[in-house]
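> What follows is final.cif; its format and atoms are mmCIF, C-alpha atoms.
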data_data
#
loop_
_atom_site.label_atom_id
_atom_site.label_comp_id
_atom_site.auth_asym_id
_atom_site.auth_seq_id
_atom_site.Cartn_x
_atom_site.Cartn_y
_atom_site.Cartn_z
CA MET X 1 76.63 86.99 104.16
CA ALA X 2 73.81 88.31 102.02
CA VAL X 3 76.19 90.17 99.75
CA THR X 4 78.88 88.02 98.17
CA LEU X 5 82.62 88.36 98.57
CA ALA X 6 82.89 89.25 94.90
CA ALA X 7 80.20 91.91 95.22
CA ALA X 8 81.92 93.49 98.21
CA LEU X 9 85.25 93.62 96.40
CA THR X 10 83.64 94.95 93.24
CA ALA X 11 81.70 97.65 95.06
CA CYS X 12 84.73 98.87 96.96
CA GLY X 13 86.98 98.90 93.92
CA ARG X 14 84.26 99.95 91.50
CA LEU X 15 85.64 97.31 89.19
CA ASP X 16 82.30 96.87 87.44
CA ASN X 17 82.81 100.17 85.57
CA GLN X 18 79.54 101.56 86.85
CA ARG X 19 81.51 104.44 88.30
CA HIS X 20 85.21 103.86 87.71
CA ALA X 21 87.40 102.00 85.32
CA PHE X 22 90.59 101.21 87.21
CA PRO X 23 93.59 102.57 85.29
CA ALA X 24 96.15 100.32 83.67
CA ASP X 25 98.97 101.45 85.96
CA VAL X 26 97.27 100.18 89.13
CA GLY X 27 99.28 97.40 90.68
CA ARG X 28 102.73 98.45 89.50
CA THR X 29 105.37 98.20 92.18
CA PRO X 30 106.62 101.61 93.39
CA SER X 31 110.02 102.40 94.80
CA ALA X 32 110.29 102.34 98.59
CA SER X 33 111.06 105.27 100.85
CA ALA X 34 110.34 106.33 104.42
CA SER X 35 107.19 108.23 105.24
CA GLU X 36 105.22 109.35 108.27
CA PRO X 37 102.02 107.90 109.74
CA SER X 38 98.75 109.24 108.40
CA THR X 39 95.71 110.59 110.13
CA SER X 40 92.96 108.30 111.38
CA PRO X 41 90.05 107.84 108.95
CA THR X 42 87.31 107.80 111.58
CA ASP X 43 85.07 110.58 112.89
CA ALA X 44 86.54 113.12 110.50
CA THR X 45 85.84 116.83 110.65
CA ARG X 46 86.17 118.08 107.15
CA THR X 47 85.32 121.00 104.92
CA PRO X 48 84.80 120.46 101.17
CA ALA X 49 87.17 122.18 98.81
CA PRO X 50 85.91 125.07 96.68
CA THR X 51 84.48 124.19 93.29
CA GLY X 52 85.81 127.07 91.18
CA THR X 53 87.10 126.21 87.73
CA GLY X 54 89.67 128.96 87.25
CA THR X 55 93.41 128.31 87.11
CA ARG X 56 96.25 129.79 89.11
CA LYS X 57 99.96 129.50 88.51
CA PRO X 58 101.60 127.39 91.25
CA THR X 59 103.98 129.42 93.39
CA ALA X 60 105.64 126.56 95.27
CA ALA X 61 108.77 124.73 94.17
CA PRO X 62 108.02 121.55 92.18
CA ASP X 63 107.64 118.28 94.08
CA PRO X 64 108.85 119.41 97.53
CA THR X 65 109.91 116.74 99.99
CA GLY X 66 108.78 118.67 103.05
CA SER X 67 105.65 120.48 104.14
CA LEU X 68 104.27 123.50 102.32
CA SER X 69 102.71 126.50 103.96
CA THR X 70 98.96 126.93 103.79
CA SER X 71 99.35 129.85 101.41
CA ASP X 72 101.56 127.81 99.06
CA LEU X 73 99.13 124.91 99.12
CA ASP X 74 96.17 127.19 98.47
CA ALA X 75 97.97 128.59 95.44
CA LEU X 76 98.26 125.21 93.75
CA SER X 77 95.64 123.98 91.31
CA GLY X 78 93.80 120.74 91.91
CA GLU X 79 95.68 119.22 88.97
CA GLU X 80 99.03 120.13 90.50
CA LEU X 81 98.05 118.83 93.93
CA LEU X 82 97.04 115.46 92.53
CA ARG X 83 100.15 115.32 90.37
CA ARG X 84 102.32 115.83 93.43
CA ALA X 85 100.29 113.27 95.36
CA LYS X 86 100.87 110.69 92.63
CA THR X 87 104.60 111.41 92.80
CA ALA X 88 104.56 111.02 96.59
CA ALA X 89 102.60 107.77 96.24
CA LYS X 90 105.61 106.17 94.55
CA THR X 91 107.42 106.25 97.89
CA VAL X 92 104.77 104.16 99.67
CA LYS X 93 105.81 100.54 100.10
CA THR X 94 103.33 99.48 102.78
CA VAL X 95 99.96 100.92 103.72
CA HIS X 96 96.82 100.15 105.71
CA TYR X 97 93.51 100.90 104.06
CA VAL X 98 89.87 100.82 105.05
CA PHE X 99 87.10 100.98 102.47
CA GLU X 100 83.56 101.25 103.78
CA ILE X 101 80.76 101.41 101.25
CA THR X 102 77.01 101.04 101.09
CA ARG X 103 75.31 99.94 97.92
CA SER X 104 71.65 98.96 97.48
CA GLY X 105 71.32 99.18 101.24
CA GLN X 106 74.15 96.71 101.77
CA ARG X 107 77.15 97.81 103.87
CA SER X 108 80.54 96.29 103.12
CA LYS X 109 83.93 97.00 104.66
CA LEU X 110 87.47 96.04 103.68
CA SER X 111 90.34 96.49 106.12
CA PHE X 112 93.81 95.41 104.95
CA ASP X 113 97.53 95.79 105.49
CA VAL X 114 99.29 95.69 102.11
CA ASP X 115 103.00 95.29 101.39
CA ARG X 116 103.20 96.14 97.71
CA ASP X 117 106.89 95.30 97.29
CA ALA X 118 106.48 91.85 98.84
CA GLY X 119 103.13 91.24 97.17
CA THR X 120 101.46 90.35 100.46
CA PHE X 121 98.30 91.42 102.27
CA ASP X 122 96.35 90.47 105.38
CA GLY X 123 92.93 91.64 106.49
CA THR X 124 89.21 91.12 106.40
CA VAL X 125 86.14 91.59 104.23
CA GLU X 126 82.98 92.30 106.23
CA SER X 127 79.47 92.31 104.85
CA ASP X 128 76.12 92.01 106.60
CA GLY X 129 77.88 91.28 109.88
CA ALA X 130 79.81 88.31 108.49
CA VAL X 131 83.61 88.53 108.35
CA VAL X 132 85.98 86.62 106.06
CA ALA X 133 89.75 86.86 106.58
CA LEU X 134 92.05 86.92 103.54
CA ARG X 135 95.83 86.56 103.50
CA LYS X 136 98.22 86.56 100.54
CA VAL X 137 101.91 85.61 100.52
CA GLY X 138 103.52 85.42 97.09
CA ALA X 139 100.93 83.90 94.76
CA GLU X 140 99.17 81.98 97.53
CA ILE X 141 95.89 83.27 98.96
CA TRP X 142 94.17 81.84 102.01
CA MET X 143 90.68 82.60 103.25
CA LYS X 144 89.05 81.91 106.60
CA GLY X 145 85.38 82.07 107.47
CA ASP X 146 83.14 80.80 110.23
CA ARG X 147 80.71 77.90 109.91
CA ASP X 148 77.82 80.20 108.97
CA PHE X 149 79.83 81.62 106.09
CA TRP X 150 80.73 78.24 104.66
CA ARG X 151 77.26 76.80 105.17
CA ASN X 152 75.04 79.76 104.23
CA SER X 153 77.17 81.79 101.81
CA ALA X 154 79.50 79.26 100.22
CA ARG X 155 76.69 76.70 100.53
CA VAL X 156 78.95 73.73 101.21
CA PRO X 157 77.59 70.64 102.98
CA SER X 158 77.35 70.75 106.77
CA ASP X 159 80.23 68.33 107.31
CA VAL X 160 82.50 70.39 105.04
CA ALA X 161 81.48 73.63 106.77
CA ALA X 162 82.34 72.08 110.13
CA LYS X 163 85.83 71.14 108.92
CA ALA X 164 86.51 74.54 107.30
CA ALA X 165 85.11 76.73 110.08
CA GLY X 166 87.77 78.94 111.65
CA LYS X 167 90.50 77.46 109.45
CA TYR X 168 92.47 78.95 106.57
CA VAL X 169 91.81 77.31 103.21
CA LEU X 170 94.25 77.80 100.32
CA VAL X 171 92.50 79.20 97.23
CA PRO X 172 93.94 77.56 94.09
CA GLU X 173 95.07 79.97 91.37
CA ASP X 174 92.65 78.37 88.92
CA ASN X 175 89.76 78.74 91.37
CA PRO X 176 86.97 80.99 90.01
CA GLY X 177 87.29 84.33 91.78
CA TYR X 178 91.00 84.02 92.59
CA GLU X 179 91.83 87.15 90.58
CA ARG X 180 89.22 89.22 92.42
CA LEU X 181 90.66 88.16 95.75
CA ALA X 182 94.18 89.00 94.53
CA ALA X 183 92.88 92.48 93.53
CA VAL X 184 92.80 93.39 97.24
CA ALA X 185 96.46 94.40 96.78
CA VAL X 186 95.55 96.75 93.91
CA TYR X 187 93.80 99.11 96.30
CA GLY X 188 97.10 99.66 98.11
CA ASP X 189 98.41 101.56 95.06
CA LEU X 190 97.71 105.17 96.05
CA GLY X 191 98.81 106.50 92.68
CA GLY X 192 96.45 104.19 90.85
CA VAL X 193 93.55 105.15 93.09
CA LEU X 194 94.29 108.85 92.52
CA SER X 195 94.20 108.22 88.77
CA MET X 196 90.46 107.56 89.06
CA PHE X 197 89.77 111.21 89.88
CA THR X 198 89.66 114.37 87.80
CA PRO X 199 90.12 117.51 89.94
CA LYS X 200 87.64 120.35 89.55
CA GLY X 201 88.93 123.69 90.80
CA HIS X 202 91.50 124.38 93.51
CA GLY X 203 92.36 122.53 96.66
CA ALA X 204 91.79 124.13 100.05
CA THR X 205 93.54 123.45 103.34
CA THR X 206 91.23 122.21 106.06
CA THR X 207 91.24 119.90 109.09
CA LEU X 208 90.72 116.13 109.18
CA ASP X 209 90.82 114.47 112.62
CA GLY X 210 92.74 117.48 113.93
CA ASN X 211 95.40 117.27 111.20
CA ARG X 212 96.06 119.65 108.34
CA VAL X 213 94.96 118.30 104.96
CA VAL X 214 94.23 119.60 101.48
CA ALA X 215 90.72 118.87 100.20
CA VAL X 216 90.23 118.67 96.42
CA GLN X 217 86.81 118.38 94.83
CA CYS X 218 86.96 115.83 92.02
CA GLU X 219 84.85 114.03 89.47
CA SER X 220 85.03 110.31 88.88
CA GLY X 221 83.29 107.63 86.88
CA VAL X 222 82.49 106.84 83.31
CA ALA X 223 81.27 109.50 80.92
CA ALA X 224 77.63 108.51 81.27
CA LYS X 225 77.62 109.18 85.00
CA ARG X 226 80.10 111.55 86.62
CA GLU X 227 80.21 111.49 90.43
CA GLN X 228 81.32 114.25 92.79
CA ASP X 229 83.98 113.06 95.27
CA THR X 230 86.33 114.78 97.70
CA VAL X 231 89.98 113.72 97.87
CA TYR X 232 91.99 114.55 101.01
CA LEU X 233 95.78 114.80 100.90
CA ARG X 234 98.04 115.03 103.94
CA ALA X 235 99.41 118.57 104.10
CA ASP X 236 102.32 118.00 106.50
CA GLY X 237 105.10 116.09 104.80
CA PRO X 238 104.71 114.55 101.33
CA LEU X 239 101.22 114.98 99.89
CA LEU X 240 99.89 111.47 100.49
CA LEU X 241 96.32 110.38 99.92
CA THR X 242 94.59 109.92 103.29
CA ARG X 243 90.91 109.73 102.45
CA VAL X 244 88.32 109.83 99.69
CA ASP X 245 84.69 110.65 100.38
CA ALA X 246 83.15 108.91 97.40
CA ALA X 247 79.85 110.67 96.75
CA ASP X 248 76.96 108.46 97.85
CA LEU X 249 79.06 105.27 97.97
CA GLY X 250 81.12 105.67 101.17
CA TYR X 251 84.77 106.36 101.95
CA PHE X 252 88.30 105.07 101.36
CA ALA X 253 90.92 105.82 104.04
CA TYR X 254 94.69 105.27 104.14
CA SER X 255 97.15 105.22 107.04
CA ALA X 256 100.30 103.56 108.44
CA PHE X 257 102.41 104.57 105.43
CA ASN X 258 105.62 102.49 105.24
CA THR X 259 104.94 100.80 108.56
CA PRO X 260 106.54 97.33 108.33
CA PHE X 261 104.02 94.49 108.12
CA HIS X 262 105.27 90.97 108.84
CA ILE X 263 102.80 88.88 106.86
CA THR X 264 103.56 85.17 106.70
CA ALA X 265 101.70 82.04 105.67
CA PRO X 266 99.24 80.77 108.29
CA PRO X 267 100.62 78.11 110.65
CA ALA X 268 99.98 74.57 109.45
CA ALA X 269 97.74 73.92 112.46
CA GLN X 270 95.39 76.68 111.25
CA VAL X 271 95.14 75.39 107.66
CA VAL X 272 92.77 72.78 106.29
CA ASP X 273 93.57 71.21 102.92
CA LEU X 274 91.00 71.01 100.13
CA ALA X 275 91.55 67.26 100.02
CA GLU X 276 90.41 67.09 103.64
CA LEU X 277 87.22 68.83 102.58
CA GLY X 278 86.71 66.42 99.72
CA ALA X 279 86.84 69.26 97.20
CA THR X 280 89.05 70.59 94.40
CA LYS X 281 87.53 74.10 94.25
CA ILE X 282 86.40 76.62 96.82
CA PRO X 283 82.85 77.81 96.06
CA LEU X 284 83.33 81.54 96.51
CA PRO X 285 79.93 83.24 96.84
CA GLY X 286 78.85 85.19 93.79
CA VAL X 287 81.66 83.98 91.55
#
Would you give me this structure, written as structure tokens?


Amino acid sequence: MAVTLAAALTACGRLDNQRHAFPADVGRTPSASASEPSTSPTDATRTPAPTGTGTRKPTAAPDPTGSLSTSDLDALSGEELLRRAKTAAKTVKTVHYVFEITRSGQRSKLSFDVDRDAGTFDGTVESDGAVVALRKVGAEIWMKGDRDFWRNSARVPSDVAAKAAGKYVLVPEDNPGYERLAAVAVYGDLGGVLSMFTPKGHGATTTLDGNRVVAVQCESGVAAKREQDTVYLRADGPLLLTRVDAADLGYFAYSAFNTPFHITAPPAAQVVDLAELGATKIPLPGV
């Protein structure tokens, strides 16, 4: 894994402040409510939203619970659309997300199920063809990699790599990099993610994977470097964030809203203890 776990997480979350400073409200637990499945993030057909800077008075009722007509959606400003989307985000208890980014020629992909109320997640981080599984239940985080990962990326001795390969290893809370692994759950906060973007102009209804969405052109990033991104909100039902095309970085996609995820600790037979590895810390690459 040429790029480190930490680098992949940082690039996807933009936690290094090169483009985004994650807002303080990311990670707060929202209230739960039912929602409908989202569109698929792959092979999207999409049309960017207009970039006009004028303002129009919204004609639709505030914070509707059902779908709005295309004309009502087109009448709303980008600010109002994102405001409603942040309100709708509070109803999302569980979500599946995929982040796929390319930075300095290095492709990284995160794919996770997140239960924000339970504080659990399960999924994978992929970079340079290597895949590391991560699972969190309560405060406990486990990771699982193959022998190549442990030997070549974590750079543990061959005998340790052989013992750890294909097994879950519990990451101690005082292990360097624990907080970055725990931040995987942060990206399941749709409202927090939306807070990274400043809308420019109006939204426009368009099609994404055959489904009606509202596309809003936005700016993001620190003052020294503003990026142009497109935020897509589901148009049928509550306005939920379904995708972000993040300028030259890649995309974020969300689906399976409020689909129950049954995430439990790995079975004992699939777990290897640090003591068995003769170690007290897990050498996470890049941390």

> Can you give me, as a count of residues only, the residues this file yields under the PyMOL selection byres ((chain X and resi 184-187) around 9)?

25

> Could you tell me which residues the PyMOL selection byres ((chain X and resi 232-245) around 6) returns for this structure, as a list in words?

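With the PyMOL selection byres ((chain X and resi 232-245) around 6) on this model, the match is Thr65, Gly66, Ser67, Ala85, Ala88, Arg212, Val213, Val214, Ala215, Asp229, Thr230, Val231, Ala246, Tyr251, Phe252, Ala253 and Tyr254 of chain X.
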
> Take the selection from the previous step and output its residues with C-alpha atoms, as a JSON list (two decimals), in the frame of the given file.


[["chain", "number", "residue", "atom", "x", "y", "z"],
["X", 65, "THR", "CA", 109.91, 116.74, 99.99],
["X", 66, "GLY", "CA", 108.78, 118.67, 103.05],
["X", 67, "SER", "CA", 105.65, 120.48, 104.14],
["X", 85, "ALA", "CA", 100.29, 113.27, 95.36],
["X", 88, "ALA", "CA", 104.56, 111.02, 96.59],
["X", 212, "ARG", "CA", 96.06, 119.65, 108.34],
["X", 213, "VAL", "CA", 94.96, 118.30, 104.96],
["X", 214, "VAL", "CA", 94.23, 119.60, 101.48],
["X", 215, "ALA", "CA", 90.72, 118.87, 100.20],
["X", 229, "ASP", "CA", 83.98, 113.06, 95.27],
["X", 230, "THR", "CA", 86.33, 114.78, 97.70],
["X", 231, "VAL", "CA", 89.98, 113.72, 97.87],
["X", 246, "ALA", "CA", 83.15, 108.91, 97.40],
["X", 251, "TYR", "CA", 84.77, 106.36, 101.95],
["X", 252, "PHE", "CA", 88.30, 105.07, 101.36],
["X", 253, "ALA", "CA", 90.92, 105.82, 104.04],
["X", 254, "TYR", "CA", 94.69, 105.27, 104.14]]

> Taking (76.4, 98.0, 104.6) in the file's coordinates, which residues come within 10 Å, counting all atoms listed in the file, written as JSON, numbers by chain?

{"X": [3, 8, 100, 101, 102, 103, 104, 105, 106, 107, 108, 109, 126, 127, 128, 129, 250]}

> From the set X:Lys144, X:Arg84, X:His262, X:Lys90, which residue has the shortest atom-to-atom contact distance to Gly166 (chain X), counting all atoms listed in the file?

X:Lys144

> Smallest atom-to-atom distance to Asp72 (chain X): which of X:His202, X:Arg226, X:Lys281, X:Arg135, using all atoms listed in the file?

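The shortest atom-to-atom distance to Asp72 (chain X) comes from X:His202.
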
> So how far away is CA of Asp122 (chain X) from CA of Lys86 (chain X), in Å?

24.3 Å

> What would the list of residues within 12 Å of (99.8, 85.1, 108.4) (file frame) look like as a PDB file with C-alpha atoms, keeping the file's coordinate frame, if all atoms listed in the file are what count?


ATOM      1  CA  ASP X 113      97.530  95.790 105.490  1.00  0.00           C
ATOM      2  CA  THR X 120     101.460  90.350 100.460  1.00  0.00           C
ATOM      3  CA  PHE X 121      98.300  91.420 102.270  1.00  0.00           C
ATOM      4  CA  ASP X 122      96.350  90.470 105.380  1.00  0.00           C
ATOM      5  CA  GLY X 123      92.930  91.640 106.490  1.00  0.00           C
ATOM      6  CA  ALA X 133      89.750  86.860 106.580  1.00  0.00           C
ATOM      7  CA  LEU X 134      92.050  86.920 103.540  1.00  0.00           C
ATOM      8  CA  ARG X 135      95.830  86.560 103.500  1.00  0.00           C
ATOM      9  CA  LYS X 136      98.220  86.560 100.540  1.00  0.00           C
ATOM     10  CA  VAL X 137     101.910  85.610 100.520  1.00  0.00           C
ATOM     11  CA  GLY X 138     103.520  85.420  97.090  1.00  0.00           C
ATOM     12  CA  GLU X 140      99.170  81.980  97.530  1.00  0.00           C
ATOM     13  CA  ILE X 141      95.890  83.270  98.960  1.00  0.00           C
ATOM     14  CA  TRP X 142      94.170  81.840 102.010  1.00  0.00           C
ATOM     15  CA  MET X 143      90.680  82.600 103.250  1.00  0.00           C
ATOM     16  CA  LYS X 144      89.050  81.910 106.600  1.00  0.00           C
ATOM     17  CA  TYR X 168      92.470  78.950 106.570  1.00  0.00           C
ATOM     18  CA  PHE X 261     104.020  94.490 108.120  1.00  0.00           C
ATOM     19  CA  HIS X 262     105.270  90.970 108.840  1.00  0.00           C
ATOM     20  CA  ILE X 263     102.800  88.880 106.860  1.00  0.00           C
ATOM     21  CA  THR X 264     103.560  85.170 106.700  1.00  0.00           C
ATOM     22  CA  ALA X 265     101.700  82.040 105.670  1.00  0.00           C
ATOM     23  CA  PRO X 266      99.240  80.770 108.290  1.00  0.00           C
ATOM     24  CA  PRO X 267     100.620  78.110 110.650  1.00  0.00           C
ATOM     25  CA  ALA X 268      99.980  74.570 109.450  1.00  0.00           C
ATOM     26  CA  GLN X 270      95.390  76.680 111.250  1.00  0.00           C
ATOM     27  CA  VAL X 271      95.140  75.390 107.660  1.00  0.00           C
TER      28      VAL X 271
END
